[in-house]
Amino acid sequence: MADEQEILNRWRLVLGKYASEQISFSSDSVDYMGMEEVLDYLYSREYGEEQEIRERSGGREDSNLTVPSWIQKIKKLFPKRTVEVMEQHALEKYGMTELLTDPDVLRKLEPNRELLKTIMELKHMMKGEVLALAREVVRKVAEEITKKLEQEMRVSLLGRINRNISSPVKSARNLDIKRTIRMNLKNYDTEQRRLVLKQVYFNARQKRYNQWRVIVCVDESGSMLDSVIHSAIMAGIFAKMPMLDTKLVIFDTNVVDLSGYVSDPVETLMSVQLGGGTNIAGALDYCERLIEIPYRTMVVLVSDLYEGYGYQNLYRVSKGIIESGAKLIALTALDMDANPNYDRTAAAALADMGAFVGAMTPEELAEWMGKIIA
């Protein structure tokens, strides 16, 4: 019976949503509705006029999928080889992503995060002028995100109150209340019984140059796309900080050290190969070898913590890093919203060992790091 239902499920996928009244999906473990949605998003183009399809469908709602969300979804639902075939059909047969093959179209598109995601997903199919234009899109979007993040991150990492030096920077955050009161006591108005402030004093911020090594270790599996983007840009900002020696490592089942490109987010993002398995233990093992002065080292692991090569290996390597004196920070999300999706069992185990585990935005991570290195 189970085999018969499986056959029916497959026939339903072949026939599409217009066979829903004749054949129903039945499965507790496979997202056939999701499969049908992404297949319909691509192959409904075979019919030609979309309006005729809508009329025949009896008023069904249009799909909410976009090209980036479609790409992400097919990677979750289908094997790699099937995904490659569908991407090829999208590009060559249906022209769904003509922006990747037509330089004139790509020039007209507004650079934004969604376009950046699409480029990162399909850059392996680009070449020549289109690839050059895609790199320019990546550069513009990376610069935009950097501009938004950099100021807050610099304040958190570079700025430290120095209460012995006065500052010309007039900010409520730097206000030296005690000195202001003390230096203006001579201006006290006895009749009005109030203190007249003729001079307001502010604390200076001083820079710290005792270097910490920060090793940013990023999971490049498909589900981590937002985190990969923000991690690359965050590492680029860290690389500009005089007190940080920044290393950048990305991984799936293999480990790639991008420290040589860390100051250039474009090179970093164009080097990422999304997808594949996940060997967190192998990546952390590599990062452990980059530790020279443990008590001045932070290993920032950006991952959903779903380990594909045995959790005992992950725990063993993590314990070694923590016991060396280095700080291990496991970030389960690193985008502007910090929406977490991660293996909570693994997160709890790492936290019990002494790792800091949490979902942070880049600004929150910088603030946390600022407190550690103060």
# chains A, B, ... in the order shown; residues from 1 in each chain; ligands from 1
$ closest_atom_pairs --of "stretch 287-332 of chain A" --to "stretch 209-218 of chain A" --cutoff "9 Å" --atoms "only C-alpha atoms" --output "tab-separated table"
residue	atom	partner	partner_atom	distance
A:Cys287	CA	A:Ile215	CA	7.0
A:Leu290	CA	A:Ile215	CA	7.9
A:Ile291	CA	A:Arg213	CA	7.8
A:Glu292	CA	A:Arg213	CA	8.5
A:Ile293	CA	A:Arg213	CA	8.1
A:Pro294	CA	A:Arg213	CA	8.9
A:Tyr295	CA	A:Trp212	CA	8.8
A:Arg296	CA	A:Trp212	CA	5.0
A:Thr297	CA	A:Arg213	CA	4.7
A:Met298	CA	A:Val214	CA	4.9
A:Val299	CA	A:Ile215	CA	4.8
A:Val300	CA	A:Val216	CA	4.8
A:Leu301	CA	A:Cys217	CA	4.8
A:Val302	CA	A:Val218	CA	4.8
A:Ser303	CA	A:Val218	CA	6.4
$ write_last_selection --atoms "C-alpha atoms" --output "JSON list (two decimals), in the first residue's frame"
[["chain", "number", "residue", "atom", "x", "y", "z"],
["A", 287, "CYS", "CA", 40.93, 26.87, 13.39],
["A", 290, "LEU", "CA", 45.56, 29.02, 13.90],
["A", 291, "ILE", "CA", 45.56, 29.74, 17.65],
["A", 292, "GLU", "CA", 48.93, 31.14, 18.79],
["A", 293, "ILE", "CA", 48.08, 32.99, 22.03],
["A", 294, "PRO", "CA", 44.97, 31.27, 23.39],
["A", 295, "TYR", "CA", 44.04, 33.85, 26.03],
["A", 296, "ARG", "CA", 43.96, 36.54, 23.32],
["A", 297, "THR", "CA", 42.05, 34.53, 20.74],
["A", 298, "MET", "CA", 38.37, 34.27, 19.86],
["A", 299, "VAL", "CA", 37.01, 31.59, 17.56],
["A", 300, "VAL", "CA", 33.67, 32.77, 16.18],
["A", 301, "LEU", "CA", 31.77, 29.80, 14.71],
["A", 302, "VAL", "CA", 28.81, 30.81, 12.54],
["A", 303, "SER", "CA", 26.73, 27.68, 11.96]]
$ residues_around --residues "A:Gly275" --least-positions-apart "3" --cutoff "10 Å" --atoms "only C-alpha atoms" --output "VMD selection string"
chain A and resid 75 to 76 80 121 219 to 225 251 to 253 272 278
$ residues_around --residues "stretch 339-351 of chain A" --least-positions-apart "3" --cutoff "10 Å" --atoms "only C-alpha atoms" --output "ChimeraX atom specification"
/A:223-224,303-307,311,314-315,318-319,322,328-336,354-361
$ select_by_dssp --residues "stretch 192-345 of chain A" --states "alpha helix (DSSP H)" --output "MDAnalysis selection string"
chainID A and resid 225:239 265:271 280:289 311:324 344:345
$ write_last_selection --atoms "N, CA and C atoms" --output "compact mmCIF listing (two decimals), in the first residue's frame"
# COMPACT_ATOMS: atom_id res chain seq x y z
N LEU A 225 22.92 31.08 3.96
CA LEU A 225 23.27 32.13 3.01
C LEU A 225 23.31 33.52 3.63
N ASP A 226 22.28 33.90 4.39
CA ASP A 226 22.28 35.22 5.02
C ASP A 226 23.46 35.39 5.95
N SER A 227 23.74 34.35 6.73
CA SER A 227 24.85 34.41 7.67
C SER A 227 26.20 34.49 6.96
N VAL A 228 26.32 33.80 5.83
CA VAL A 228 27.57 33.86 5.06
C VAL A 228 27.83 35.29 4.60
N ILE A 229 26.80 35.94 4.07
CA ILE A 229 26.94 37.31 3.58
C ILE A 229 27.38 38.24 4.70
N HIS A 230 26.68 38.20 5.82
CA HIS A 230 27.00 39.11 6.91
C HIS A 230 28.32 38.76 7.59
N SER A 231 28.67 37.49 7.62
CA SER A 231 29.95 37.09 8.21
C SER A 231 31.11 37.63 7.39
N ALA A 232 31.01 37.53 6.06
CA ALA A 232 32.07 38.02 5.19
C ALA A 232 32.27 39.51 5.35
N ILE A 233 31.16 40.24 5.42
CA ILE A 233 31.25 41.69 5.57
C ILE A 233 31.75 42.06 6.96
N MET A 234 31.27 41.35 7.97
CA MET A 234 31.73 41.58 9.34
C MET A 234 33.23 41.34 9.46
N ALA A 235 33.72 40.26 8.86
CA ALA A 235 35.15 39.96 8.91
C ALA A 235 35.95 41.06 8.22
N GLY A 236 35.40 41.60 7.12
CA GLY A 236 36.06 42.70 6.42
C GLY A 236 36.18 43.93 7.30
N ILE A 237 35.16 44.20 8.09
CA ILE A 237 35.20 45.35 9.02
C ILE A 237 36.22 45.08 10.13
N PHE A 238 36.21 43.86 10.68
CA PHE A 238 37.19 43.50 11.70
C PHE A 238 38.62 43.70 11.19
N ALA A 239 38.83 43.36 9.91
CA ALA A 239 40.19 43.42 9.35
C ALA A 239 40.75 44.84 9.36
N PRO A 265 35.44 41.87 0.85
CA PRO A 265 34.24 41.03 0.90
C PRO A 265 33.80 40.50 -0.46
N VAL A 266 34.10 41.23 -1.54
CA VAL A 266 33.71 40.77 -2.87
C VAL A 266 34.42 39.46 -3.21
N GLU A 267 35.74 39.44 -3.01
CA GLU A 267 36.49 38.22 -3.28
C GLU A 267 36.01 37.08 -2.39
N THR A 268 35.72 37.42 -1.14
CA THR A 268 35.24 36.39 -0.20
C THR A 268 33.93 35.80 -0.68
N LEU A 269 32.95 36.66 -0.98
CA LEU A 269 31.63 36.19 -1.36
C LEU A 269 31.66 35.44 -2.69
N MET A 270 32.49 35.87 -3.61
CA MET A 270 32.57 35.18 -4.90
C MET A 270 33.34 33.86 -4.79
N SER A 271 34.00 33.64 -3.65
CA SER A 271 34.72 32.39 -3.43
C SER A 271 33.87 31.32 -2.76
N ILE A 280 31.71 20.41 10.82
CA ILE A 280 32.08 21.48 11.74
C ILE A 280 33.34 21.12 12.50
N ALA A 281 33.45 19.86 12.91
CA ALA A 281 34.62 19.43 13.68
C ALA A 281 35.90 19.63 12.88
N GLY A 282 35.85 19.28 11.59
CA GLY A 282 37.02 19.46 10.74
C GLY A 282 37.42 20.92 10.63
N ALA A 283 36.42 21.81 10.52
CA ALA A 283 36.70 23.24 10.42
C ALA A 283 37.30 23.77 11.71
N LEU A 284 36.74 23.37 12.85
CA LEU A 284 37.26 23.84 14.13
C LEU A 284 38.65 23.28 14.41
N ASP A 285 38.90 22.08 13.94
CA ASP A 285 40.22 21.50 14.07
C ASP A 285 41.26 22.36 13.33
N TYR A 286 40.89 22.84 12.14
CA TYR A 286 41.77 23.73 11.39
C TYR A 286 41.96 25.05 12.14
N CYS A 287 40.85 25.60 12.66
CA CYS A 287 40.93 26.87 13.39
C CYS A 287 41.81 26.75 14.63
N GLU A 288 41.76 25.59 15.28
CA GLU A 288 42.58 25.38 16.48
C GLU A 288 44.05 25.53 16.14
N ARG A 289 44.43 25.14 14.93
CA ARG A 289 45.83 25.25 14.52
C ARG A 289 46.24 26.71 14.26
N TYR A 311 28.77 14.07 16.25
CA TYR A 311 28.80 15.14 17.25
C TYR A 311 29.93 14.96 18.27
N GLN A 312 30.37 13.74 18.51
CA GLN A 312 31.45 13.54 19.48
C GLN A 312 32.73 14.22 19.00
N ASN A 313 32.98 14.18 17.69
CA ASN A 313 34.15 14.89 17.16
C ASN A 313 34.02 16.40 17.37
N LEU A 314 32.82 16.90 17.13
CA LEU A 314 32.57 18.33 17.34
C LEU A 314 32.82 18.72 18.79
N TYR A 315 32.29 17.93 19.72
CA TYR A 315 32.45 18.24 21.14
C TYR A 315 33.91 18.13 21.57
N ARG A 316 34.61 17.14 21.03
CA ARG A 316 36.02 16.95 21.40
C ARG A 316 36.87 18.15 20.99
N VAL A 317 36.72 18.60 19.75
CA VAL A 317 37.52 19.73 19.27
C VAL A 317 37.13 21.01 20.00
N SER A 318 35.84 21.21 20.21
CA SER A 318 35.37 22.41 20.91
C SER A 318 35.93 22.47 22.33
N LYS A 319 35.93 21.32 23.01
CA LYS A 319 36.46 21.27 24.37
C LYS A 319 37.94 21.63 24.39
N GLY A 320 38.68 21.16 23.38
CA GLY A 320 40.10 21.46 23.31
C GLY A 320 40.35 22.95 23.15
N ILE A 321 39.55 23.62 22.33
CA ILE A 321 39.70 25.06 22.12
C ILE A 321 39.41 25.81 23.42
N ILE A 322 38.33 25.44 24.09
CA ILE A 322 37.94 26.12 25.33
C ILE A 322 38.98 25.89 26.43
N GLU A 323 39.45 24.67 26.57
CA GLU A 323 40.42 24.36 27.62
C GLU A 323 41.79 24.98 27.36
N SER A 324 42.05 25.36 26.11
CA SER A 324 43.32 26.03 25.81
C SER A 324 43.35 27.45 26.36
N ARG A 344 19.50 22.55 18.75
CA ARG A 344 19.50 23.01 20.13
C ARG A 344 20.23 22.06 21.08
N THR A 345 20.25 20.79 20.76
CA THR A 345 20.98 19.83 21.60
C THR A 345 22.48 20.12 21.54
$ decode --residues "stretch 72-92 of chain A" --atoms "N, CA, C and O atoms" --output "tab-separated table (two decimals), in the first residue's frame"
chain	number	residue	atom	x	y	z
A	72	GLN	N	16.57	28.53	-3.07
A	72	GLN	CA	16.80	27.99	-1.73
A	72	GLN	C	15.92	26.77	-1.48
A	72	GLN	O	16.36	25.78	-0.88
A	73	LYS	N	14.69	26.83	-1.95
A	73	LYS	CA	13.75	25.76	-1.66
A	73	LYS	C	14.09	24.49	-2.42
A	73	LYS	O	13.99	23.38	-1.87
A	74	ILE	N	14.48	24.61	-3.71
A	74	ILE	CA	14.79	23.39	-4.45
A	74	ILE	C	16.02	22.70	-3.87
A	74	ILE	O	16.13	21.47	-3.90
A	75	LYS	N	16.94	23.47	-3.29
A	75	LYS	CA	18.13	22.87	-2.69
A	75	LYS	C	17.77	22.07	-1.44
A	75	LYS	O	18.46	21.12	-1.08
A	76	LYS	N	16.70	22.47	-0.77
A	76	LYS	CA	16.26	21.74	0.42
A	76	LYS	C	15.46	20.48	0.06
A	76	LYS	O	15.48	19.49	0.79
A	77	LEU	N	14.76	20.54	-1.06
A	77	LEU	CA	13.80	19.49	-1.39
A	77	LEU	C	14.32	18.41	-2.32
A	77	LEU	O	13.79	17.30	-2.34
A	78	PHE	N	15.36	18.72	-3.11
A	78	PHE	CA	15.81	17.78	-4.12
A	78	PHE	C	17.30	17.49	-4.00
A	78	PHE	O	18.05	18.30	-3.48
A	79	PRO	N	17.74	16.34	-4.53
A	79	PRO	CA	19.17	16.02	-4.55
A	79	PRO	C	19.94	17.01	-5.41
A	79	PRO	O	19.38	17.68	-6.29
A	80	LYS	N	21.25	17.09	-5.19
A	80	LYS	CA	22.09	18.06	-5.88
A	80	LYS	C	21.99	17.94	-7.39
A	80	LYS	O	21.89	18.95	-8.10
A	81	ARG	N	22.01	16.71	-7.91
A	81	ARG	CA	21.96	16.52	-9.37
A	81	ARG	C	20.65	17.05	-9.93
A	81	ARG	O	20.62	17.68	-10.99
A	82	THR	N	19.54	16.80	-9.24
A	82	THR	CA	18.25	17.30	-9.69
A	82	THR	C	18.22	18.82	-9.67
A	82	THR	O	17.69	19.46	-10.59
A	83	VAL	N	18.80	19.41	-8.64
A	83	VAL	CA	18.88	20.87	-8.54
A	83	VAL	C	19.63	21.45	-9.73
A	83	VAL	O	19.22	22.44	-10.34
A	84	GLU	N	20.74	20.82	-10.08
A	84	GLU	CA	21.54	21.29	-11.21
A	84	GLU	C	20.74	21.25	-12.51
A	84	GLU	O	20.83	22.18	-13.33
A	85	VAL	N	19.97	20.18	-12.71
A	85	VAL	CA	19.15	20.05	-13.91
A	85	VAL	C	18.09	21.15	-13.95
A	85	VAL	O	17.87	21.80	-14.99
A	86	MET	N	17.44	21.40	-12.81
A	86	MET	CA	16.40	22.42	-12.76
A	86	MET	C	16.98	23.82	-12.99
A	86	MET	O	16.37	24.65	-13.68
A	87	GLU	N	18.14	24.10	-12.42
A	87	GLU	CA	18.79	25.39	-12.64
A	87	GLU	C	19.12	25.57	-14.13
A	87	GLU	O	18.93	26.65	-14.69
A	88	GLN	N	19.60	24.49	-14.74
A	88	GLN	CA	19.93	24.55	-16.16
A	88	GLN	C	18.68	24.80	-17.01
A	88	GLN	O	18.69	25.60	-17.95
A	89	HIS	N	17.56	24.13	-16.66
A	89	HIS	CA	16.31	24.36	-17.36
A	89	HIS	C	15.85	25.81	-17.18
A	89	HIS	O	15.38	26.43	-18.14
A	90	ALA	N	15.98	26.31	-15.95
A	90	ALA	CA	15.56	27.68	-15.67
A	90	ALA	C	16.32	28.68	-16.53
A	90	ALA	O	15.74	29.62	-17.08
A	91	LEU	N	17.60	28.45	-16.68
A	91	LEU	CA	18.44	29.38	-17.43
A	91	LEU	C	18.27	29.22	-18.94
A	91	LEU	O	18.07	30.20	-19.65
A	92	GLU	N	18.34	27.99	-19.42
A	92	GLU	CA	18.45	27.77	-20.86
A	92	GLU	C	17.10	27.55	-21.54
A	92	GLU	O	16.89	27.98	-22.67
